[in-house]
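Colleague: First the structure, then my questions, so here it is.
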Amino acid sequence: MSKLFQSIGKTELLSHTVEQAIEAAIREGHLNVGDRLPSEFELCNQFGVSRTVIREALRMLSARGLVRIEKGRGVFVCAPSVESVSNPMALYLHMNLGPDHALEVVRARQLIEPVIAAEAARRHTTKDVRRIQENLEVLKACSGSFEQLTQVDMEFHVLIAKATHNPVVPLIIHPIQQLMPRIKLNVYLSVEDAHASAVEWHTAIAEAIFARDAERAEACMAQHLRIAEEHVRKMLVALEDKAKPLRNGESASAS
């Protein structure tokens with residue numbers, strides 16, 4: 001195998017530099033999905049670094065979903081999953097949203113998810129129908145477990161994004177949906193009819209998608225998210241009311 005990588009300077013953060021070089025080779029097409037990387041020994045020689053440095057670089061690439069390490073066979077380039085690509089964005093959003101983040105999230109969803117529902121109506125397959133139907137059945141049967149309810153709710157919207165069969169759309173929607181479980185959990189705990197509303201509107205959205213009625217799917221999703229905003233506002237009021245006695249107690253003890 002011809003030499004793919006060049007020796008790197010000893011003063012640099014070696015493992016990170018190796019990681020970046022291998023990632024660049026993947027990005028530039030020198031290594032494609034399914035290709036096996038040079039052996040650990042060859043990588044050590046090409047980069048001019050120790051085995052420890054190479055192993056750490058490969059570990060970081062594996063954690064990011066860029067390579068797959070198979071014991072006894074080697075290291076292979078793999079296609080990143082939606083999760084591995086969108087998790088850093090979800091973390092960024094989580095760390096940088098303001099105090100009204102719940103409203104910011106639902107408003108962002110109002111901008112993009114109705115159009116996604118319309119595209120899913122146009123492009124979904126029978127496999128998508130089956131997956132969405134299964135999700136609806138689980139949602140209807142959920143009782144008592146708000147954690148499960150929030151997860152099933154989030155998965156419904158991700159399934160619709162996947163039903164567009166545009167690989168970019170799940171990358172957009174997934175990090176936003178990853179912010180939803182905590183918000184949804186508080187909504188379900190604070191708003192009495194939230195579960196019934198989710199069942200009603202998820203069903204309406206799904207039926208419009210299955211009928212390939214893009215206009216109705218878009219309208220149903222828009223209405224669903226308008227109601228979601230109302231629920232978030234009720235949730236925020238409920239949390240504020242719950243926090244008042246604590247704050248009053250703290251101020252009283254301090255006086």
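By order of appearance in the structure tokens: chains A, B, ..., then residues from 1 within every chain, and ligands from 1 in the order shown.
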Do a neighbour search on Ile116 in chain A at 12 Å with only C-alpha atoms, toss out local chain neighbours closer than 6 positions, and write the hits as JSON, numbers by chain.
Modeller: {"A": [109, 110, 122, 123, 124, 157, 158, 159, 160, 161, 162, 163, 164, 165, 166, 168, 169, 170, 172, 173, 205, 209, 214, 215, 217, 218, 219, 220, 221, 222]}
Colleague: Take the residues from that selection and write them out as a short mmCIF file (atom, residue, chain, number, x, y, z; two decimals), in the first residue's frame, keeping C-alpha atoms.
Modeller:
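Just written: out_20.cif:
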data_model
loop_
_atom_site.label_atom_id
_atom_site.label_comp_id
_atom_site.auth_asym_id
_atom_site.auth_seq_id
_atom_site.Cartn_x
_atom_site.Cartn_y
_atom_site.Cartn_z
CA ARG A 109 -40.18 23.46 15.03
CA GLN A 110 -43.09 25.56 13.77
CA ARG A 122 -45.47 13.02 -0.96
CA ARG A 123 -42.55 10.62 -0.57
CA HIS A 124 -43.27 8.04 2.14
CA HIS A 157 -41.41 13.33 14.53
CA VAL A 158 -38.09 11.70 13.66
CA LEU A 159 -39.94 9.00 11.69
CA ILE A 160 -41.74 11.68 9.69
CA ALA A 161 -38.41 13.33 8.90
CA LYS A 162 -37.05 9.99 7.70
CA ALA A 163 -40.19 9.47 5.58
CA THR A 164 -39.15 12.42 3.39
CA HIS A 165 -36.30 10.23 2.09
CA ASN A 166 -34.10 13.29 1.98
CA VAL A 168 -30.45 16.00 5.07
CA VAL A 169 -33.86 16.34 6.80
CA PRO A 170 -33.21 13.92 9.70
CA ILE A 172 -31.85 18.93 10.77
CA ILE A 173 -34.68 17.59 12.90
CA ILE A 205 -50.95 14.02 10.87
CA ILE A 209 -49.44 11.53 5.32
CA ALA A 214 -49.49 17.12 1.59
CA GLU A 215 -51.59 20.22 2.22
CA ALA A 217 -50.42 17.05 6.56
CA GLU A 218 -48.78 20.47 6.67
CA ALA A 219 -51.88 22.09 8.19
CA CYS A 220 -52.26 19.36 10.83
CA MET A 221 -48.62 19.61 11.86
CA ALA A 222 -48.89 23.41 12.06
#
Colleague: I'd like to know which residues of range 55-206 of chain A are alpha helix (DSSP H) (by DSSP, run on the backbone); could you write them as an MDAnalysis selection string?
Modeller: chainID A and resid 55:63 82:96 101:123 126:141 146:162 168:177 180:190 194:206
Colleague: What parts of range 44-219 of chain A does DSSP call strand (DSSP E or B)? I'd like the answer as a list in words.
Modeller: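 Written out, the strand (DSSP E or B) residues of range 44-219 of chain A are Val67, Arg68, Ile69, Glu70, Gly74, Val75, Phe76 and Val77 of chain A.
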Colleague: Determine the nearest neighbour of His16 in chain A from the options A:Arg59, A:His30, A:Arg233, A:Arg182, counting only C-alpha atoms.
Modeller: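 Ranked by minimum distance to His16 in chain A, first place goes to A:Arg59.
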Colleague: Could you check how far CA of Ala198 in chain A sits from CA of Leu103 in chain A, in Å to one decimal?
Modeller: 17.6 Å
Colleague: Tell me, in Å to one decimal, how far CA of Phe156 in chain A is from CA of Glu192 in chain A.
Modeller: 20.7 Å
Colleague: Give me the residues near Lys140 in chain A as a ChimeraX atom specification, where near means some atom within 12 Å (using only C-alpha atoms) and where sequence neighbours in that chain fewer than 5 positions away do not count.
Modeller: /A:133-135,148-149,152-153,195-203
Colleague: Determine, counting only C-alpha atoms, which protein, DNA and RNA residues have an atom within 12 Å of an atom of Ala102 in chain A; residues of the same chain fewer than 3 positions away are not included. Present the result as a ChimeraX atom specification.
Modeller: /A:93-94,97-99,105-109,176-177,179-187,228-236
Colleague: I'd like the contact shell of Gly74 in chain A - 8 Å cut-off, only C-alpha atoms, skipping same-chain residues fewer than 2 positions apart - returned as a ChimeraX atom specification.
Modeller: /A:36-37,39,69-72,76
Colleague: Between A:Ala25, A:Ala57, A:Leu189, A:Ile132, which is the closest to Leu4 in chain A once you count only C-alpha atoms?
Modeller: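 Using only C-alpha atoms, Leu4 in chain A sits closest to A:Ala25.
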Colleague: Work out how far apart CA of Glu23 in chain A and CA of Pro167 in chain A are and give it in Å to one decimal.
Modeller: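 Spanning CA of Glu23 in chain A to CA of Pro167 in chain A is a straight-line distance of 20.9 Å.
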Colleague: Have a look at A:Val18, A:Ala204, A:Leu31, A:Ala211 and name the one nearest to Glu56 in chain A; count only C-alpha atoms.
Modeller: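 When distances to Glu56 in chain A are compared using only C-alpha atoms, the smallest one comes from A:Val18.
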